>>> print(open('run_29.pdb').read())   # PDB, C-alpha atoms (C1' of nucleotides)
MODEL        1
ATOM      1  CA  MET A  13     -30.320 118.443 -95.955  1.00  0.00           C
ATOM      2  CA  ALA A  14     -31.333 122.015 -96.506  1.00  0.00           C
ATOM      3  CA  THR A  15     -33.981 123.462 -94.242  1.00  0.00           C
ATOM      4  CA  GLN A  16     -36.864 124.649 -96.317  1.00  0.00           C
ATOM      5  CA  LYS A  17     -38.497 127.913 -95.389  1.00  0.00           C
ATOM      6  CA  PRO A  18     -42.197 127.637 -94.700  1.00  0.00           C
ATOM      7  CA  SER A  19     -44.722 129.170 -97.044  1.00  0.00           C
ATOM      8  CA  TYR A  20     -47.680 131.077 -95.667  1.00  0.00           C
ATOM      9  CA  TRP A  21     -51.368 130.699 -96.458  1.00  0.00           C
ATOM     10  CA  LEU A  22     -54.806 131.964 -95.624  1.00  0.00           C
ATOM     11  CA  MET A  23     -57.590 129.386 -95.372  1.00  0.00           C
ATOM     12  CA  LYS A  24     -61.254 130.266 -95.142  1.00  0.00           C
ATOM     13  CA  SER A  25     -64.004 128.478 -93.366  1.00  0.00           C
ATOM     14  CA  GLU A  26     -67.495 129.406 -92.334  1.00  0.00           C
ATOM     15  CA  PRO A  27     -67.426 129.298 -88.544  1.00  0.00           C
ATOM     16  CA  ASP A  28     -70.925 127.799 -88.466  1.00  0.00           C
ATOM     17  CA  ALA A  29     -69.489 124.810 -90.304  1.00  0.00           C
ATOM     18  CA  PHE A  30     -65.996 124.667 -88.805  1.00  0.00           C
ATOM     19  CA  SER A  31     -64.348 127.336 -86.690  1.00  0.00           C
ATOM     20  CA  ILE A  32     -60.984 127.817 -85.068  1.00  0.00           C
ATOM     21  CA  ASP A  33     -62.623 126.861 -81.767  1.00  0.00           C
ATOM     22  CA  ASP A  34     -63.666 123.568 -83.316  1.00  0.00           C
ATOM     23  CA  LEU A  35     -60.100 122.978 -84.462  1.00  0.00           C
ATOM     24  CA  GLU A  36     -58.756 123.690 -80.979  1.00  0.00           C
ATOM     25  CA  LYS A  37     -61.053 121.035 -79.506  1.00  0.00           C
ATOM     26  CA  ARG A  38     -60.179 118.290 -81.976  1.00  0.00           C
ATOM     27  CA  PRO A  39     -58.080 115.312 -80.873  1.00  0.00           C
ATOM     28  CA  LYS A  40     -54.442 116.370 -81.232  1.00  0.00           C
ATOM     29  CA  GLN A  41     -55.928 119.712 -82.312  1.00  0.00           C
ATOM     30  CA  THR A  42     -55.594 118.387 -85.828  1.00  0.00           C
ATOM     31  CA  GLU A  43     -58.146 118.086 -88.601  1.00  0.00           C
ATOM     32  CA  PRO A  44     -58.175 117.081 -92.274  1.00  0.00           C
ATOM     33  CA  TRP A  45     -59.154 120.171 -94.249  1.00  0.00           C
ATOM     34  CA  ASN A  46     -61.672 118.318 -96.377  1.00  0.00           C
ATOM     35  CA  GLY A  47     -64.301 119.440 -98.811  1.00  0.00           C
ATOM     36  CA  VAL A  48     -62.205 121.591-101.124  1.00  0.00           C
ATOM     37  CA  ARG A  49     -63.737 121.205-104.580  1.00  0.00           C
ATOM     38  CA  ASN A  50     -61.895 123.816-106.555  1.00  0.00           C
ATOM     39  CA  TYR A  51     -59.149 122.941-109.013  1.00  0.00           C
ATOM     40  CA  GLN A  52     -56.961 125.942-108.271  1.00  0.00           C
ATOM     41  CA  VAL A  53     -56.921 125.111-104.590  1.00  0.00           C
ATOM     42  CA  ARG A  54     -56.403 121.433-105.352  1.00  0.00           C
ATOM     43  CA  ASN A  55     -53.350 122.377-107.398  1.00  0.00           C
ATOM     44  CA  MET A  56     -51.991 124.593-104.633  1.00  0.00           C
ATOM     45  CA  PHE A  57     -52.336 121.710-102.187  1.00  0.00           C
ATOM     46  CA  ARG A  58     -50.581 119.407-104.621  1.00  0.00           C
ATOM     47  CA  ASP A  59     -47.824 121.635-105.959  1.00  0.00           C
ATOM     48  CA  GLN A  60     -47.040 124.282-103.374  1.00  0.00           C
ATOM     49  CA  MET A  61     -48.234 123.492 -99.897  1.00  0.00           C
ATOM     50  CA  LYS A  62     -45.902 121.466 -97.708  1.00  0.00           C
ATOM     51  CA  ALA A  63     -45.983 120.095 -94.199  1.00  0.00           C
ATOM     52  CA  GLY A  64     -44.470 122.761 -91.958  1.00  0.00           C
ATOM     53  CA  ASP A  65     -46.146 125.674 -93.720  1.00  0.00           C
ATOM     54  CA  LEU A  66     -48.204 128.086 -91.645  1.00  0.00           C
ATOM     55  CA  ALA A  67     -51.707 129.361 -92.331  1.00  0.00           C
ATOM     56  CA  PHE A  68     -54.144 131.928 -91.039  1.00  0.00           C
ATOM     57  CA  PHE A  69     -57.606 130.692 -90.103  1.00  0.00           C
ATOM     58  CA  TYR A  70     -60.125 133.055 -91.701  1.00  0.00           C
ATOM     59  CA  HIS A  71     -63.798 133.099 -90.748  1.00  0.00           C
ATOM     60  CA  SER A  72     -66.050 133.947 -93.689  1.00  0.00           C
ATOM     61  CA  SER A  73     -69.785 134.494 -94.124  1.00  0.00           C
ATOM     62  CA  CYS A  74     -70.211 135.637 -90.558  1.00  0.00           C
ATOM     63  CA  PRO A  75     -70.924 138.932 -88.765  1.00  0.00           C
ATOM     64  CA  GLU A  76     -67.262 139.900 -88.515  1.00  0.00           C
ATOM     65  CA  PRO A  77     -65.212 138.202 -91.191  1.00  0.00           C
ATOM     66  CA  GLY A  78     -61.488 138.146 -90.560  1.00  0.00           C
ATOM     67  CA  ILE A  79     -58.461 136.236 -89.360  1.00  0.00           C
ATOM     68  CA  TYR A  80     -59.074 134.603 -86.002  1.00  0.00           C
ATOM     69  CA  GLY A  81     -55.915 132.592 -85.510  1.00  0.00           C
ATOM     70  CA  ALA A  82     -53.142 130.524 -86.972  1.00  0.00           C
ATOM     71  CA  MET A  83     -52.481 126.897 -87.727  1.00  0.00           C
ATOM     72  CA  LYS A  84     -49.769 124.687 -89.079  1.00  0.00           C
ATOM     73  CA  ILE A  85     -49.936 122.455 -92.111  1.00  0.00           C
ATOM     74  CA  VAL A  86     -48.941 119.033 -90.785  1.00  0.00           C
ATOM     75  CA  SER A  87     -49.213 116.818 -93.857  1.00  0.00           C
ATOM     76  CA  ASN A  88     -48.527 116.997 -97.512  1.00  0.00           C
ATOM     77  CA  ALA A  89     -51.512 116.686 -99.844  1.00  0.00           C
ATOM     78  CA  TYR A  90     -53.330 113.360-100.014  1.00  0.00           C
ATOM     79  CA  PRO A  91     -56.700 112.240-101.412  1.00  0.00           C
ATOM     80  CA  ASP A  92     -59.758 113.610 -99.609  1.00  0.00           C
ATOM     81  CA  PRO A  93     -61.682 110.521 -98.458  1.00  0.00           C
ATOM     82  CA  THR A  94     -65.024 112.345 -98.459  1.00  0.00           C
ATOM     83  CA  GLN A  95     -65.048 112.334-102.250  1.00  0.00           C
ATOM     84  CA  PHE A  96     -65.580 108.556-102.187  1.00  0.00           C
ATOM     85  CA  ASP A  97     -68.298 108.564 -99.523  1.00  0.00           C
ATOM     86  CA  PRO A  98     -71.784 108.596-101.055  1.00  0.00           C
ATOM     87  CA  LYS A  99     -73.208 109.810 -97.757  1.00  0.00           C
ATOM     88  CA  SER A 100     -70.930 112.844 -97.661  1.00  0.00           C
ATOM     89  CA  ASP A 101     -71.946 116.277 -98.867  1.00  0.00           C
ATOM     90  CA  TYR A 102     -68.611 116.293-100.652  1.00  0.00           C
ATOM     91  CA  TYR A 103     -69.163 113.035-102.533  1.00  0.00           C
ATOM     92  CA  ASP A 104     -67.966 113.110-106.133  1.00  0.00           C
ATOM     93  CA  GLY A 105     -69.166 110.132-108.143  1.00  0.00           C
ATOM     94  CA  LYS A 106     -66.780 110.926-110.952  1.00  0.00           C
ATOM     95  CA  SER A 107     -63.701 110.478-108.816  1.00  0.00           C
ATOM     96  CA  THR A 108     -62.134 107.075-108.217  1.00  0.00           C
ATOM     97  CA  PRO A 109     -59.531 105.892-105.706  1.00  0.00           C
ATOM     98  CA  GLU A 110     -57.321 104.937-108.651  1.00  0.00           C
ATOM     99  CA  ASP A 111     -57.472 108.487-109.973  1.00  0.00           C
ATOM    100  CA  PRO A 112     -58.561 110.755-107.139  1.00  0.00           C
ATOM    101  CA  ARG A 113     -59.687 114.179-108.142  1.00  0.00           C
ATOM    102  CA  TRP A 114     -59.636 116.009-104.791  1.00  0.00           C
ATOM    103  CA  LEU A 115     -56.883 116.428-102.231  1.00  0.00           C
ATOM    104  CA  LEU A 116     -56.599 117.776 -98.730  1.00  0.00           C
ATOM    105  CA  VAL A 117     -53.975 118.557 -96.105  1.00  0.00           C
ATOM    106  CA  ASP A 118     -54.067 118.075 -92.345  1.00  0.00           C
ATOM    107  CA  VAL A 119     -53.953 121.242 -90.263  1.00  0.00           C
ATOM    108  CA  GLN A 120     -53.046 121.675 -86.601  1.00  0.00           C
ATOM    109  CA  PHE A 121     -54.160 124.422 -84.236  1.00  0.00           C
ATOM    110  CA  LEU A 122     -51.422 126.859 -83.294  1.00  0.00           C
ATOM    111  CA  GLN A 123     -53.212 129.691 -81.577  1.00  0.00           C
ATOM    112  CA  LYS A 124     -56.331 131.780 -81.521  1.00  0.00           C
ATOM    113  CA  PHE A 125     -55.691 135.503 -81.683  1.00  0.00           C
ATOM    114  CA  GLU A 126     -56.888 137.490 -78.696  1.00  0.00           C
ATOM    115  CA  GLN A 127     -57.140 140.309 -81.172  1.00  0.00           C
ATOM    116  CA  PRO A 128     -58.608 138.941 -84.389  1.00  0.00           C
ATOM    117  CA  VAL A 129     -57.539 140.824 -87.480  1.00  0.00           C
ATOM    118  CA  LEU A 130     -60.855 141.649 -89.079  1.00  0.00           C
ATOM    119  CA  LEU A 131     -61.363 142.146 -92.765  1.00  0.00           C
ATOM    120  CA  SER A 132     -62.061 145.811 -92.046  1.00  0.00           C
ATOM    121  CA  THR A 133     -58.625 146.085 -90.372  1.00  0.00           C
ATOM    122  CA  LEU A 134     -56.958 144.390 -93.307  1.00  0.00           C
ATOM    123  CA  ARG A 135     -58.631 146.955 -95.559  1.00  0.00           C
ATOM    124  CA  GLU A 136     -57.354 149.805 -93.398  1.00  0.00           C
ATOM    125  CA  ASN A 137     -53.854 148.506 -94.032  1.00  0.00           C
ATOM    126  CA  GLU A 138     -54.319 147.728 -97.664  1.00  0.00           C
ATOM    127  CA  ALA A 139     -51.517 150.034 -98.750  1.00  0.00           C
ATOM    128  CA  LYS A 140     -49.068 147.755 -96.970  1.00  0.00           C
ATOM    129  CA  LEU A 141     -50.974 144.633 -97.918  1.00  0.00           C
ATOM    130  CA  GLU A 142     -51.042 145.245-101.630  1.00  0.00           C
ATOM    131  CA  GLY A 143     -51.340 141.939-103.422  1.00  0.00           C
ATOM    132  CA  LEU A 144     -52.918 140.077-100.518  1.00  0.00           C
ATOM    133  CA  ARG A 145     -55.302 137.908-102.450  1.00  0.00           C
ATOM    134  CA  VAL A 146     -58.123 137.928 -99.976  1.00  0.00           C
ATOM    135  CA  LEU A 147     -58.422 141.710-100.407  1.00  0.00           C
ATOM    136  CA  GLU A 148     -58.708 141.515-104.155  1.00  0.00           C
ATOM    137  CA  LYS A 149     -62.135 141.898-105.624  1.00  0.00           C
ATOM    138  CA  GLY A 150     -63.748 138.705-106.727  1.00  0.00           C
ATOM    139  CA  THR A 151     -61.311 136.390-105.000  1.00  0.00           C
ATOM    140  CA  ARG A 152     -63.405 133.547-103.757  1.00  0.00           C
ATOM    141  CA  LEU A 153     -60.676 130.955-103.410  1.00  0.00           C
ATOM    142  CA  SER A 154     -60.886 129.289-100.026  1.00  0.00           C
ATOM    143  CA  VAL A 155     -57.101 128.991 -99.868  1.00  0.00           C
ATOM    144  CA  THR A 156     -54.721 131.754-100.955  1.00  0.00           C
ATOM    145  CA  PRO A 157     -50.993 132.351-100.556  1.00  0.00           C
ATOM    146  CA  VAL A 158     -49.686 135.041 -98.186  1.00  0.00           C
ATOM    147  CA  LYS A 159     -46.313 136.711 -98.688  1.00  0.00           C
ATOM    148  CA  ALA A 160     -43.848 136.558 -95.817  1.00  0.00           C
ATOM    149  CA  GLU A 161     -43.926 140.325 -95.278  1.00  0.00           C
ATOM    150  CA  HIS A 162     -47.729 140.294 -95.237  1.00  0.00           C
ATOM    151  CA  TRP A 163     -47.666 137.419 -92.766  1.00  0.00           C
ATOM    152  CA  LYS A 164     -45.380 139.419 -90.536  1.00  0.00           C
ATOM    153  CA  LEU A 165     -47.511 142.543 -90.660  1.00  0.00           C
ATOM    154  CA  ILE A 166     -50.738 140.671 -89.961  1.00  0.00           C
ATOM    155  CA  THR A 167     -49.252 138.832 -86.983  1.00  0.00           C
ATOM    156  CA  ARG A 168     -48.102 142.214 -85.682  1.00  0.00           C
ATOM    157  CA  LEU A 169     -51.653 143.546 -86.067  1.00  0.00           C
ATOM    158  CA  ALA A 170     -52.819 140.533 -84.043  1.00  0.00           C
ATOM    159  CA  GLY A 171     -50.236 141.324 -81.385  1.00  0.00           C
ATOM    160  CA  VAL A 172     -48.438 138.009 -81.736  1.00  0.00           C
ATOM    161  CA  LYS A 173     -45.201 136.666 -83.066  1.00  0.00           C
ATOM    162  CA  LEU A 174     -45.149 133.530 -85.176  1.00  0.00           C
TER     163      LEU A 174
ATOM    164  C1'  DG B  11     -81.840 138.408 -98.703  1.00  0.00           C
ATOM    165  C1'  DC B  12     -79.342 140.770-102.395  1.00  0.00           C
ATOM    166  C1'  DC B  13     -76.157 140.637-105.841  1.00  0.00           C
ATOM    167  C1'  DA B  14     -71.497 140.873-108.037  1.00  0.00           C
ATOM    168  C1'  DA B  15     -68.008 137.901-109.360  1.00  0.00           C
ATOM    169  C1'  DC B  16     -66.427 133.807-110.666  1.00  0.00           C
ATOM    170  C1'  DG B  17     -66.334 128.594-111.669  1.00  0.00           C
ATOM    171  C1'  DT B  18     -68.528 124.701-113.877  1.00  0.00           C
ATOM    172  C1'  DT B  19     -71.533 122.350-116.980  1.00  0.00           C
ATOM    173  C1'  DG B  20     -73.310 120.946-121.156  1.00  0.00           C
ATOM    174  C1'  DG B  21     -75.532 121.732-125.709  1.00  0.00           C
ATOM    175  C1'  DC B  22     -74.112 122.776-130.092  1.00  0.00           C
TER     176       DC B  22
ATOM    177  C1'  DG C   9     -64.028 125.313-128.466  1.00  0.00           C
ATOM    178  C1'  DC C  10     -67.744 128.663-127.604  1.00  0.00           C
ATOM    179  C1'  DC C  11     -70.846 130.511-124.531  1.00  0.00           C
ATOM    180  C1'  DA C  12     -75.323 130.700-122.067  1.00  0.00           C
ATOM    181  C1'  DA C  13     -77.195 128.997-118.054  1.00  0.00           C
ATOM    182  C1'  DC C  14     -76.655 127.766-113.697  1.00  0.00           C
ATOM    183  C1'  DG C  15     -74.499 127.240-109.053  1.00  0.00           C
ATOM    184  C1'  DT C  16     -71.569 129.011-105.397  1.00  0.00           C
ATOM    185  C1'  DT C  17     -69.123 132.317-102.620  1.00  0.00           C
ATOM    186  C1'  DG C  18     -69.131 135.802 -99.446  1.00  0.00           C
ATOM    187  C1'  DG C  19     -69.476 140.740 -98.146  1.00  0.00           C
ATOM    188  C1'  DC C  20     -72.904 143.786 -97.062  1.00  0.00           C
TER     189       DC C  20
ENDMDL
END
>>> encode(input="run_29.pdb", output="structure tokens")
Amino acid sequence: MATQKPSYWLMKSEPDAFSIDDLEKRPKQTEPWNGVRNYQVRNMFRDQMKAGDLAFFYHSSCPEPGIYGAMKIVSNAYPDPTQFDPKSDYYDGKSTPEDPRWLLVDVQFLQKFEQPVLLSTLRENEAKLEGLRVLEKGTRLSVTPVKAEHWKLITRLAGVKL
DNA sequence: GCCAACGTTGGC
DNA sequence: GCCAACGTTGGC
């Protein structure tokens, strides 16, 4: 069986709603990344993301947006249960268990960076980070792919090795 | 709070 | 299938 190389990702969350500190405190430090209601991200979950991949945890809509840590994808994509829960903010009455519209993956805390890599720092390095989706104008996707060389550079900026 | 950018919805 | 209107994202 061939060992598959991990892919790398960047996943955004508003820290007021769910932060890397929240993830660290979860049982088994694991959490279903629910609430994604965007077809492009749904398709990435379904077609590209695999258990064993690694992801940056990005805090958005906060005083200092940036990458605050790293996590591991610990499941393949499966239906997001919140879409079937009428009490959930993420309820989608047009989705059925027989034909679920929205997927999620489980993520596990790896580490919080002592030195977060802020958006401003990413911008300072944009020559080397050309093509990093989160730097591109108008990219609002909550999940974006990260190239291996960009992953490496960003972890170096954070002072860690992953 | 503003607003640019983008996604989704729905009338036609 | 077009496209205007509307909603959301997210930096500032």
>>> interface_residues(input="run_29.pdb", of="chain A", to="chain B", cutoff="10 Å", atoms="only C-alpha atoms (C1' of nucleotides)", output="PyMOL selection string")
chain A and resi 50-51+149-153
>>> residues_near_point(input="run_29.pdb", point="(-62.4, 131.1, -98.0)", cutoff="7 Å", atoms="all atoms listed in the file", output="count of residues only")
9
>>> atom_distance(input="run_29.pdb", atom1="atom CA of A:Tyr102", atom2="atom CA of A:Met61")
21.6 Å
>>> atom_distance(input="run_29.pdb", atom1="atom CA of A:Pro77", atom2="atom CA of A:Ser132")
8.3 Å
>>> atom_distance(input="run_29.pdb", atom1="atom CA of A:Leu144", atom2="atom CA of A:Lys62")
20.1 Å
>>> closest_residue(input="run_29.pdb", among="A:Asp118, A:Ser107, A:Arg38, A:Gly47", to="A:Gly64", atoms="all atoms listed in the file")
A:Asp118
>>> residues_around(input="run_29.pdb", residues="A:Ala160", least_positions_apart="5", cutoff="12 Å", atoms="all atoms listed in the file", output="JSON, numbers by chain")
{"A": [17, 18, 19, 20, 21, 22, 65, 66, 67, 141, 143, 144, 165, 166, 167, 174]}
>>> resolve_selection(input="run_29.pdb", expression="the PyMOL selection byres ((chain A and resi 81-89) around 6)", output="list in words")
Phe57, Arg58, Lys62, Ala63, Gly64, Asp65, Leu66, Ala67, Phe68, Phe69, Ile79, Tyr80, Tyr90, Leu115, Leu116, Val117, Asp118, Val119, Gln120, Phe121, Leu122, Gln123, Lys124 and Phe125 of chain A
>>> axis_aligned_box(input="run_29.pdb", around="chain C", padding_each_side="3 Å", output="JSON")
{"center_x": -70.6, "center_y": 134.5, "center_z": -112.8, "size_x": 19.2, "size_y": 24.5, "size_z": 37.4}
>>> closest_residue(input="run_29.pdb", among="A:Val172, A:Leu147, A:Cys74, A:Ala139", to="A:Pro27", atoms="only C-alpha atoms")
A:Cys74
>>> closest_residue(input="run_29.pdb", among="A:Pro44, A:Gly171, A:Pro39, A:Pro75", to="A:Asp92", atoms="all atoms listed in the file")
A:Pro44
>>> decode(input="run_29.pdb", residues="chain B", atoms="N, CA, C and O atoms (P, O5', C5', C4', C3', O3' and C1' of nucleotides)", output="PDB file, in the first residue's frame")
ATOM      1  P    DG B  11     -23.000  49.678  14.147  1.00  0.00           P
ATOM      2  O5'  DG B  11     -22.776  50.598  12.897  1.00  0.00           O
ATOM      3  C5'  DG B  11     -22.003  51.747  13.125  1.00  0.00           C
ATOM      4  C4'  DG B  11     -21.274  52.030  11.865  1.00  0.00           C
ATOM      5  C3'  DG B  11     -22.029  51.676  10.587  1.00  0.00           C
ATOM      6  O3'  DG B  11     -21.735  52.705   9.663  1.00  0.00           O
ATOM      7  C1'  DG B  11     -20.002  50.478  10.603  1.00  0.00           C
ATOM      8  P    DC B  12     -22.472  52.868   8.300  1.00  0.00           P
ATOM      9  O5'  DC B  12     -21.261  52.565   7.321  1.00  0.00           O
ATOM     10  C5'  DC B  12     -20.053  53.311   7.462  1.00  0.00           C
ATOM     11  C4'  DC B  12     -19.070  52.866   6.402  1.00  0.00           C
ATOM     12  C3'  DC B  12     -19.710  52.583   5.043  1.00  0.00           C
ATOM     13  O3'  DC B  12     -18.925  53.197   4.048  1.00  0.00           O
ATOM     14  C1'  DC B  12     -18.498  50.670   5.791  1.00  0.00           C
ATOM     15  P    DC B  13     -19.509  53.425   2.599  1.00  0.00           P
ATOM     16  O5'  DC B  13     -18.855  52.196   1.826  1.00  0.00           O
ATOM     17  C5'  DC B  13     -17.446  52.007   1.861  1.00  0.00           C
ATOM     18  C4'  DC B  13     -17.131  50.661   1.246  1.00  0.00           C
ATOM     19  C3'  DC B  13     -18.026  50.312   0.054  1.00  0.00           C
ATOM     20  O3'  DC B  13     -17.248  49.637  -0.910  1.00  0.00           O
ATOM     21  C1'  DC B  13     -18.098  48.593   1.601  1.00  0.00           C
ATOM     22  P    DA B  14     -17.190  50.171  -2.394  1.00  0.00           P
ATOM     23  O5'  DA B  14     -16.132  49.181  -3.056  1.00  0.00           O
ATOM     24  C5'  DA B  14     -14.898  48.933  -2.388  1.00  0.00           C
ATOM     25  C4'  DA B  14     -14.565  47.463  -2.493  1.00  0.00           C
ATOM     26  C3'  DA B  14     -14.916  46.832  -3.836  1.00  0.00           C
ATOM     27  O3'  DA B  14     -13.838  45.984  -4.167  1.00  0.00           O
ATOM     28  C1'  DA B  14     -16.004  45.652  -2.083  1.00  0.00           C
ATOM     29  P    DA B  15     -13.743  45.314  -5.586  1.00  0.00           P
ATOM     30  O5'  DA B  15     -14.217  43.832  -5.274  1.00  0.00           O
ATOM     31  C5'  DA B  15     -13.432  43.059  -4.387  1.00  0.00           C
ATOM     32  C4'  DA B  15     -14.159  41.778  -4.135  1.00  0.00           C
ATOM     33  C3'  DA B  15     -14.664  41.081  -5.399  1.00  0.00           C
ATOM     34  O3'  DA B  15     -14.101  39.789  -5.426  1.00  0.00           O
ATOM     35  C1'  DA B  15     -16.363  41.194  -3.740  1.00  0.00           C
ATOM     36  P    DC B  16     -14.156  38.882  -6.718  1.00  0.00           P
ATOM     37  O5'  DC B  16     -15.295  37.861  -6.316  1.00  0.00           O
ATOM     38  C5'  DC B  16     -15.123  37.118  -5.105  1.00  0.00           C
ATOM     39  C4'  DC B  16     -16.454  36.634  -4.637  1.00  0.00           C
ATOM     40  C3'  DC B  16     -17.230  35.823  -5.684  1.00  0.00           C
ATOM     41  O3'  DC B  16     -17.241  34.473  -5.258  1.00  0.00           O
ATOM     42  C1'  DC B  16     -18.632  37.275  -4.420  1.00  0.00           C
ATOM     43  P    DG B  17     -17.885  33.328  -6.131  1.00  0.00           P
ATOM     44  O5'  DG B  17     -19.202  33.056  -5.304  1.00  0.00           O
ATOM     45  C5'  DG B  17     -19.097  32.723  -3.932  1.00  0.00           C
ATOM     46  C4'  DG B  17     -20.481  32.424  -3.393  1.00  0.00           C
ATOM     47  C3'  DG B  17     -21.314  31.498  -4.273  1.00  0.00           C
ATOM     48  O3'  DG B  17     -22.009  30.599  -3.433  1.00  0.00           O
ATOM     49  C1'  DG B  17     -22.427  33.585  -4.012  1.00  0.00           C
ATOM     50  P    DT B  18     -23.014  29.521  -4.040  1.00  0.00           P
ATOM     51  O5'  DT B  18     -24.420  30.261  -3.860  1.00  0.00           O
ATOM     52  C5'  DT B  18     -24.798  30.675  -2.554  1.00  0.00           C
ATOM     53  C4'  DT B  18     -26.223  31.206  -2.602  1.00  0.00           C
ATOM     54  C3'  DT B  18     -27.217  30.303  -3.348  1.00  0.00           C
ATOM     55  O3'  DT B  18     -28.343  30.178  -2.504  1.00  0.00           O
ATOM     56  C1'  DT B  18     -27.291  32.520  -4.220  1.00  0.00           C
ATOM     57  P    DT B  19     -29.580  29.267  -2.950  1.00  0.00           P
ATOM     58  O5'  DT B  19     -30.658  30.356  -3.366  1.00  0.00           O
ATOM     59  C5'  DT B  19     -30.875  31.477  -2.509  1.00  0.00           C
ATOM     60  C4'  DT B  19     -31.888  32.381  -3.158  1.00  0.00           C
ATOM     61  C3'  DT B  19     -33.052  31.661  -3.834  1.00  0.00           C
ATOM     62  O3'  DT B  19     -34.244  32.242  -3.344  1.00  0.00           O
ATOM     63  C1'  DT B  19     -32.034  33.183  -5.342  1.00  0.00           C
ATOM     64  P    DG B  20     -35.651  31.564  -3.549  1.00  0.00           P
ATOM     65  O5'  DG B  20     -36.254  32.414  -4.752  1.00  0.00           O
ATOM     66  C5'  DG B  20     -36.256  33.834  -4.681  1.00  0.00           C
ATOM     67  C4'  DG B  20     -36.670  34.375  -6.032  1.00  0.00           C
ATOM     68  C3'  DG B  20     -37.730  33.512  -6.753  1.00  0.00           C
ATOM     69  O3'  DG B  20     -38.591  34.383  -7.451  1.00  0.00           O
ATOM     70  C1'  DG B  20     -35.857  33.735  -8.108  1.00  0.00           C
ATOM     71  P    DG B  21     -40.114  34.033  -7.651  1.00  0.00           P
ATOM     72  O5'  DG B  21     -40.553  35.181  -8.650  1.00  0.00           O
ATOM     73  C5'  DG B  21     -40.077  36.501  -8.459  1.00  0.00           C
ATOM     74  C4'  DG B  21     -39.785  37.157  -9.795  1.00  0.00           C
ATOM     75  C3'  DG B  21     -40.815  36.860 -10.878  1.00  0.00           C
ATOM     76  O3'  DG B  21     -41.071  38.052 -11.602  1.00  0.00           O
ATOM     77  C1'  DG B  21     -38.681  36.179 -11.620  1.00  0.00           C
ATOM     78  P    DC B  22     -42.353  38.212 -12.514  1.00  0.00           P
ATOM     79  O5'  DC B  22     -41.827  37.870 -13.964  1.00  0.00           O
ATOM     80  C5'  DC B  22     -40.917  38.781 -14.611  1.00  0.00           C
ATOM     81  C4'  DC B  22     -40.240  38.082 -15.752  1.00  0.00           C
ATOM     82  C3'  DC B  22     -41.155  37.264 -16.659  1.00  0.00           C
ATOM     83  O3'  DC B  22     -41.701  38.111 -17.683  1.00  0.00           O
ATOM     84  C1'  DC B  22     -39.008  36.242 -16.332  1.00  0.00           C
TER      85       DC B  22
END
